[in-house]
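Engineer: Just dropping this structure here.
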Amino acid sequence: MESFLQIDGLCKSFGDRVIFDDLSLNINQGEKVGLIARNGQGKSTLLDVIAGLADYRSGTITFRRGIRTAYLVQTPSFPKDSTVLNACCPSADDEKLLKARQLLTKLGVSGFDTPISELSGGQAKRVALAQVLMTEPDFLILDEPTNHLDVAVTEWLEDYLSASRLTLLMVTHDRYLLDRVCNRIIEIDDFRAYSYSGNYSYYLEKRQERMDAESSQRESDLNLYRRELDWMRRMPCARGGKARYRKESFHKLEERLQHRRDEQNLTLDVKASYIGKKIFDIEHLSKSFGDKVIMKDFSYVFSRYEKLGIIGENGVGKSTFIKLLIGIEKPDSGIISRGATLKIGYYSQEGLSFPEDAKVIDVVTAIADHIMLDDGRRMSAGQFLQKFLFPPKTQYSYVSKLSGGERRRLYLCTILMQSPNFLILDEPTNDLDIMTLQVLEEYLAQFKGCLIAVSHDRYFMDKIARHLLVFEGDGRITDFPSSYSDYMEWKVLREDKEKAQSARSPKSHQDDKDDSQKQSQNARSARLTFREKREMEQIEAELQQLEQEKAAIEQELNSGTLPYDLLRAKSARIGEIIERTDIITMRWLELSEKA
């Protein structure tokens, strides 16, 4: 394959902060590459450098001669006087304008004559995505393309990129997108680039093998270091050539061990406050903005330790629902009754409001000087920041120097340190690196409180939510007691059934009238009986009980204090719970078709 991009010996720094040091990598024609690194290790900076928007200290960047490149930046900007259509396509060519309208429609953008200045950040990102796709590049560079995209648009982009023959370099936290589109993963770690020829799942497997090998090598080096250190203490004056060589080898080993850092892991073991049985009781809630109905006569009772996912297209009222719960918005009618023990931690899309001239440590100490951990230990603010991967040097630097992902991680830190027992996360995955997301998912699975998560991240929702509220627009909210993947399978089956019904051959007016009467009769006969309604209610209650029991058993299993016999019995019970959940979920889906 022909090389499209070759980078050799790239060095980049901001002041005394090294971003890249002798970084080299190559991307060949037709490769679809996902770029992975922790926040603050220069993913967006590298893309800016490759695209020519940022300088670098040394090294070479070489594109194949004559190829067309396009770059979607993480936060796009347009001339203030642009409209949606001419921002996407400045040309007056009718064929290109037609294509631009089609792309914008696919990406969920309407109002082609709307001034670009009136768009939200998410809508502007969609216009920018349409703009780069319009150029039909040979080499496409994307920085977090799915931020603010709803699931339908993300899946369209996934299909487009998979089918396209273009060469791709992409930074994204969307792990399903990485898995289904990319055929190579490049990870930047400790200033080096590691390449994996495969998708995201393959990368995870091979990365773990690399980490195990590095850990084994480090252990071997430490053992050698102990032996050589003992020799150095007994032989301080090395005179012979062989002894001098051994002494030089010792110093090289010492330098290598000092440079090679242990794998840093974000740890989230913050204590949650006690939560009582009453959470939120919602009765006949309604909310509209003019003619736009957000919800209509909606009732719901939250259960203890519930982990609820909220999904739906942009603009259907997901964030408004959260703001109703916590009192930022007021309902038009209905009642929201909250439990007395609730301590809410709200991670919002608009929550990043730290003063640019504040030091990182001051942001945390303004909330508390000490934090209580889950095991009962107290920790200082500085120690707590280190657990969130903010070393002392970064703690005493200014917020203005943090990357977007580091700011998100700091924001998450300020929320969790307050020990909430009811977490509300509104689009928490935007700008967080994949490593942080993995740890966050593990923490939420063991979280001893309630959780609501609003997210378009399909992988994240599959990991943390076992119950969904689906906002469908016009006030319709579907209560779905299972995972995100189960819901998508059910949705596809429902849509296929509707398409099959609408694709019947045309009939005469009388035939249509007869069919209409038959359908009406069938609909009346297919409605849920009182017994079936009662069965659905019982299934929903049992699903909640099973989820609570499963969470309690998992907590016991992770405690490390159970005797062997009880450990085996609890593990067997987990299997029974999963099997029972699958059975009654399928029955609920059957009944829901008739509801």
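Letters A, B, ... mark the chains of the structure tokens in the order given; residue numbers begin at 1 per chain; ligand numbers begin at 1, in order shown.
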Please identify which residues in segment 364-481 of chain A DSSP calls helix (DSSP H, G or I) from the backbone, and express them as a ChimeraX atom specification.
Structural biologist: /A:364-365,381-387,392-395,399-401,404-416,434-446,458-464
Engineer: Do you know which residues are at most 6 Å from Ser333 of chain A counting only C-alpha atoms, after dropping those on the same chain fewer than 2 positions away, and could you put them as a ChimeraX atom specification?
Structural biologist: /A:285-286,331
Engineer: Write out the residues from the selection above, keeping C-alpha atoms, as a PDB file, in the first residue's frame.
Structural biologist:
```pdb
ATOM      1  CA  LEU A 285     -46.080  15.694  34.916  1.00  0.00           C
ATOM      2  CA  SER A 286     -46.578  17.941  31.895  1.00  0.00           C
ATOM      3  CA  PRO A 331     -43.553  21.949  35.335  1.00  0.00           C
TER       4      PRO A 331
END
```
Engineer: Find the spatial neighbours of segment 573-579 of chain A, counting only C-alpha atoms, within a cut-off of 12 Å - ignore same-chain residues fewer than 4 positions away - and output them as a list of chain:residue names.
Structural biologist: A:Arg466, A:Ser482, A:Glu542, A:Leu543, A:Gln544, A:Gln545, A:Leu546, A:Glu547, A:Gln548, A:Glu549, A:Lys550, A:Ala551, A:Ala552, A:Ile553, A:Glu554, A:Gln555, A:Glu556, A:Leu557, A:Leu566, A:Leu567, A:Arg568, A:Ala569, A:Ile583, A:Ile584, A:Thr585, A:Met586
Engineer: Please save C-alpha atoms of the selected residues as a tab-separated table (two decimals), in the first residue's frame.
Structural biologist:
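Saved file selection-v6.tsv follows:
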```tsv
chain	number	residue	atom	x	y	z
A	466	ARG	CA	-30.47	-1.58	32.65
A	482	SER	CA	-33.87	-3.47	29.56
A	542	GLU	CA	-39.66	-7.97	39.37
A	543	LEU	CA	-37.05	-6.53	36.99
A	544	GLN	CA	-36.32	-3.75	39.48
A	545	GLN	CA	-36.07	-6.24	42.34
A	546	LEU	CA	-33.72	-8.48	40.34
A	547	GLU	CA	-31.51	-5.53	39.42
A	548	GLN	CA	-31.29	-4.45	43.07
A	549	GLU	CA	-30.51	-8.00	44.21
A	550	LYS	CA	-27.84	-8.36	41.51
A	551	ALA	CA	-26.21	-5.06	42.57
A	552	ALA	CA	-26.21	-6.14	46.23
A	553	ILE	CA	-24.65	-9.54	45.43
A	554	GLU	CA	-21.99	-7.95	43.21
A	555	GLN	CA	-21.10	-5.65	46.10
A	556	GLU	CA	-20.70	-8.69	48.41
A	557	LEU	CA	-18.62	-10.56	45.83
A	566	LEU	CA	-21.05	-18.58	50.18
A	567	LEU	CA	-19.00	-17.15	47.33
A	568	ARG	CA	-19.96	-20.10	45.13
A	569	ALA	CA	-23.64	-19.82	46.10
A	583	ILE	CA	-36.88	-14.58	30.17
A	584	ILE	CA	-39.20	-11.97	31.65
A	585	THR	CA	-37.76	-9.19	29.49
A	586	MET	CA	-38.77	-11.14	26.37
```
Engineer: Name all residues at most 6 Å from Phe280 of chain A (count only C-alpha atoms; drop same-chain ones fewer than 5 positions away) and give them as JSON, numbers by chain.
Structural biologist: {"A": [302, 337, 338]}
Engineer: Would you output that residue set with N, CA and C atoms, as a PDB file, in the first residue's frame?
Structural biologist:
```
ATOM      1  N   PHE A 302     -39.129   6.392  41.010  1.00  0.00           N
ATOM      2  CA  PHE A 302     -37.768   5.884  41.024  1.00  0.00           C
ATOM      3  C   PHE A 302     -37.582   4.900  42.167  1.00  0.00           C
ATOM      4  N   SER A 337     -42.167  14.767  43.854  1.00  0.00           N
ATOM      5  CA  SER A 337     -41.897  14.654  45.283  1.00  0.00           C
ATOM      6  C   SER A 337     -40.569  13.945  45.472  1.00  0.00           C
ATOM      7  N   ARG A 338     -39.637  14.539  46.203  1.00  0.00           N
ATOM      8  CA  ARG A 338     -38.304  13.966  46.348  1.00  0.00           C
ATOM      9  C   ARG A 338     -38.052  13.488  47.769  1.00  0.00           C
TER      10      ARG A 338
END
```
Engineer: Give me the residues near segment 440-446 of chain A as a PyMOL selection string, where near means some atom within 8 Å (using only C-alpha atoms) and where sequence neighbours in that chain fewer than 3 positions away do not count.
Structural biologist: chain A and resi 268-269+436-437+451+460+463-464+551+554-555
Engineer: Near Met372 of chain A, within 12 Å and counting only C-alpha atoms, which residues show up once chain neighbours fewer than 3 positions away are dropped, as a list in words?
Structural biologist: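 In the requested form, the answer reads Leu268, Asp269, Val270, Lys271, Ala272, Ser273, Ala368, Asp369, Asp375, Gly376, Arg377, Arg378, Met379, Ser380, Ala381, Gln383, Phe384, Leu416, Met417, Gln418, Ser419 and Pro420 of chain A.
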Engineer: Residues at most 10 Å from segment 220-226 of chain A, counting only C-alpha atoms, excluding those fewer than 4 positions away in the same chain, as a ChimeraX atom specification?
Structural biologist: /A:214-216,230-232,250-251,253-254,256-257
Engineer: Using DSSP secondary structure from the backbone, list all strand (DSSP E or B) positions within segment 111-327 of chain A, as an NGL selection string.
Structural biologist: :A and (115 or 139-143 or 167-171 or 184-189 or 192-196 or 270 or 280-289 or 292-301 or 307-312)
Engineer: Considering only C-alpha atoms, state which residue in the set A:Arg192, A:Arg580, A:Lys343, A:Arg244 is at the smallest distance from Leu10 of chain A.
Structural biologist: A:Arg192
